[in-house]
Structure formats: C-alpha cells, structure tokens
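Student: I'd like to ask some things about the structure below.
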Amino acid sequence: MKKLFLMLAVAMLTVSANAQKTAVTANKAGDNWYVGANIGIATPVSKYDVSGESYGRLKGFAPKLGIRVGKNLTTVFGLALDADVYMAATKKSMMDQKTFIDGLNVDIMGTFNLSNAFAGYQGQPRCFEVIALVGGGYSRVFGGGSAGLNGKGAFDFAFNLGADKAWQIYIEPALVLGQPIPTWSNPLRKSNDKWNFMGQLSIGFNYKFGNSNGSHNFKVEQLRDQAEIDGLNAKINELRADNQAKDGKIAADGRTIADLKAKLAACQARPSQTIVEERIIKETSATLQPIVIFGQGKTTVDAAGMASCEMVAKYMKNHKDSKIKILGFASPEGSKEVNDRIAKQRAEAVKNVLIKKYKIAANRLTAEGLGATDKLSSENDFNRVAKFVDITAEK
C-alpha cells in the first residue's frame, strides 16, 4: 500500500511539472483562499458488528454536513481543512449512538487538480474540472467516547461558475477509512481482520476570494526568452540615446529662441526711426549731382567731400540768384536720437564749408537733417551723405 501511494505521488509530481510550464502570477499569502460548505449522506461500505447489531454494506444511512477552508498553492496542488458532522438517521444510528449528532471528522486534505495536471492551465479555471483529495485527521464518536485517527480520499467533479469563475459547485464521492465506533480505541486497527470503511456522497460549493492580481484565480504571466529580453533592452538603450540627443537639440533650440526673444525685446524697446520719404530723396531735376560722403559716425567734411562742396560753390557763383538746401542723412544703425543729430550736423558742416571757405552768403543756404534712411542705397556706406537741392524756384 505504501509503495502504491509513493508511486502515485511521484507520477503526480512529474505530470504537474510538465503541466506547469506556463508560469503564473506569484501566489501571495493572502491569495487563492476559498471557503465552502456541503451536505450529503454516509453509509458503511464494509460489514461490522456493534453490540450484537450487524451493519452491512450500504445500510444505516446517516446525513452529514460539512465545511471546508482551503488554499490553492499552485494551479495543481493545494491544501484544505475539512470538518464533517454526522447525524442520526434512525432511532439507532449506524454508529450505535442515540445522540442527535453521531460523530465528527476533522481532516487535513491535499488537493490535486487533475484537469490542470494533465491538460495544463489556460489562464482561468475550466468550466468543468476533476479534483482529487487525499488526507486524514481526527475522528470522534459522541456518546461512546471513542476517538482516533482516520484517512480520507475523494474526487470532486467541479463546475466553475460566473464570469470571474469565483464560484465552484461540486459533487464529491468519498471513502473514509477507520471511522470510529465505540469498541475501538484506535480506528486504524483491524476489527475481525477487516478494515472499517465508510462511503460518502456530498454536494457542495466553494467561494474563491479575490487575489492581489485582480482576479479570483491564478493569472498566466507573459514570459519572454532571454534573446527577446536582450533585444528589448537594446531597443530601450537606443531609444534612450535618441531621446538624449533630442533633449540636447531641444536645449540648444531653447537657447537660440531665448536669444532671439532678447534681441526682439531690445529692438521693440528701441524708438522707431523715421525713414526719409522717397519723395524727398527721389532724384529730380532740382537735385544737384555732387554729394558729400561721411564715415560712420563722422560729421567732418573730408578732402573728397571738399571737392563736391567746391563744385556746388562754383555753381552758385555762376547762378547769382540760386539758393541751395543741404540735406543731411544717416544710415539706419544706432538709435533714432543719434541718427537725427548726426544727420543735422552733417548738413550744418557742409553749409559752414560753403560759407567760410567759398564765401557763399549764408542767406542763400539752408541746412536740414533728415535722420536715418535706407532708401538712398542698399549699401549703408552710401546712406551717410549730404545732398544738394536747388530751391531757387520754390516760393
């Protein structure tokens, strides 16, 4: 008998190892607990005599009530605590007691989910499963004072119900060895060279409590092989490097944007410059050809400028009634105040040269600064000038 049980245990372990190649979520201490109750009948399976009364097979039926608390350790193996109470079916029960409750069994059972062991676990319980239970515990017969150890084996034909498979209804045939009777001090001993067996048939239910994984049962984990993990890690590192490069570019763009914003703010804070209207600087027949060019920020007439002044002076001496307006300009760099001042000073400098050096009467000359312009030329060097306009005909 011991060798048979050992062979069955080894076979079960082997089958379970093959069936559980699919990994499931971790089984925490508070996970995969269930509680249930059952009701059924019990009857002798072997013949035995008590106080002259002969009890045969399937005689003396007694109703029973049971409760069960268990935990599934894996998708195949689990543990359960069973407690069964047997009640008198007739005036004189099959245990020869006259009490309302004849006896009590308390057993620790190992549970073996044969469906998962042989067919594997698919992520949730099947609608129908076969579960084997084997174990033993303590028996007590009330009224006669006998107690001792017992063994129990059973099969549960279980139906898992509900969307979450939280409820389980089962039909359970069971065989109990060594059920105590008043003449035994140890129910595992033989009586009349025979073992004492009792059969049971129960129907019951179990409720499975919620787990830390969000369900009422085991969940399958999505496993990956090492090559796939290495590939994912390489992709993650590549994405990290790409993100770092993009972060660097974003930071550089941010600095450029900040610099442009600062320059824009400075430009907006700068007073707007009056650009000379095109009609003033447009070439007309009244504008004389000579011009005086100045260096950047300069207001002094140089040698080249003197040549232009000499040409204008000669023109005025040849035309005794002529009057000349000198227009001074500046290029757009710098502030409006500075450009307005420089443009006026350039016109006055040319006027002073004509008066002092070339002895032109002051009442024939007018000097006017027109500020900054970018209309005279696309080159800023040719916008820093003084021009001559004949205003003799103006009234």
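Note on naming: chains are A, B, ... as they come in the structure tokens, residues start from 1 per chain, ligands start from 1 in the order shown.
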Leaving out A:Asp340 and any residue of its chain fewer than 4 positions from it, which residues lie within 10 Å of it when counting only C-alpha atoms, given as a CSV table (one decimal) with N, CA and C atoms, in the first residue's frame?

Tutor:
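out_23.csv, written as the output of this step:
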chain,number,residue,atom,x,y,z
A,273,GLN,N,12.7,104.7,-36.0
A,273,GLN,CA,13.4,105.7,-36.7
A,273,GLN,C,12.6,106.2,-37.9
A,274,THR,N,12.6,107.4,-38.1
A,274,THR,CA,11.8,108.0,-39.2
A,274,THR,C,12.7,107.8,-40.5
A,328,GLY,N,21.0,116.5,-44.9
A,328,GLY,CA,21.9,115.5,-44.3
A,328,GLY,C,21.2,114.2,-43.9
A,329,PHE,N,21.9,113.1,-44.1
A,329,PHE,CA,21.3,111.7,-43.9
A,329,PHE,C,22.3,110.9,-43.0
A,330,ALA,N,21.7,109.9,-42.4
A,330,ALA,CA,22.5,108.9,-41.6
A,330,ALA,C,22.0,107.5,-42.0
A,335,SER,N,20.6,104.4,-32.6
A,335,SER,CA,19.3,104.9,-32.2
A,335,SER,C,18.8,106.1,-33.0
A,336,LYS,N,17.5,106.4,-32.9
A,336,LYS,CA,16.9,107.5,-33.6
A,336,LYS,C,17.5,108.8,-33.2
A,344,LYS,N,21.7,116.1,-38.9
A,344,LYS,CA,21.6,117.5,-38.8
A,344,LYS,C,23.0,118.1,-38.8
A,345,GLN,N,24.0,117.5,-38.1
A,345,GLN,CA,25.4,118.0,-38.0
A,345,GLN,C,26.1,117.9,-39.4
A,369,GLY,N,18.5,118.3,-41.4
A,369,GLY,CA,18.8,116.9,-41.2
A,369,GLY,C,17.6,116.0,-41.3
A,370,LEU,N,17.7,115.0,-42.1
A,370,LEU,CA,16.5,114.1,-42.4
A,370,LEU,C,16.6,112.8,-41.7
A,371,GLY,N,17.6,112.6,-40.8
A,371,GLY,CA,17.7,111.4,-40.0
A,371,GLY,C,18.2,110.2,-40.8
A,372,ALA,N,17.8,109.0,-40.3
A,372,ALA,CA,18.3,107.8,-40.9
A,372,ALA,C,17.5,107.4,-42.2

Student: Any idea what's packed within 9 Å of A:Asn27, counting only C-alpha atoms, ignoring anything in its chain fewer than 4 positions away? Could you give it as number ranges by chain?

Tutor: A: 31-32, 72-74, 211-212, 218

Student: What's the 9 Å shell around A:Asn105, counting only C-alpha atoms, without same-chain residues fewer than 6 positions away, as a list in words?

Tutor: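 Here the qualifying residues turn out to be Asp82, Ala83, Asp84, Val85, Tyr86, Gly137, Tyr138, Ser139, Arg140, Val141, Asn150 and Gln179 of chain A.
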
Student: Rounded to one decimal in Å, what is the spacing between atom CA of A:Pro173 and atom CA of A:Gly199?

Tutor: 7.5 Å

Student: If you run DSSP on the backbone here, which positions in stretch 203-376 of chain A get helix (DSSP H, G or I)? Please write them as number ranges by chain.

Tutor: A: 226-269, 278-281, 303-318, 336-356, 362-364

Student: Can you pull out the residues contacting stretch 121-129 of chain A? Cut-off 12 Å, using only C-alpha atoms, and skip same-chain residues under 3 positions away; I want them as a ChimeraX atom specification.

Tutor: /A:16-25,74-76,112-118,132,155-171,208,215-222

Student: When distances are computed from only C-alpha atoms, which of A:Arg255, A:Phe388, A:Leu376, A:Arg364 shows the smallest separation from A:Leu288?

Tutor: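 Closest residue, counting only C-alpha atoms: A:Phe388.
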
Student: Once DSSP has gone over the backbone, tell me which residues of stretch 293-358 of chain A are in strand (DSSP E), as number ranges by chain.

Tutor: A: 293, 324-330
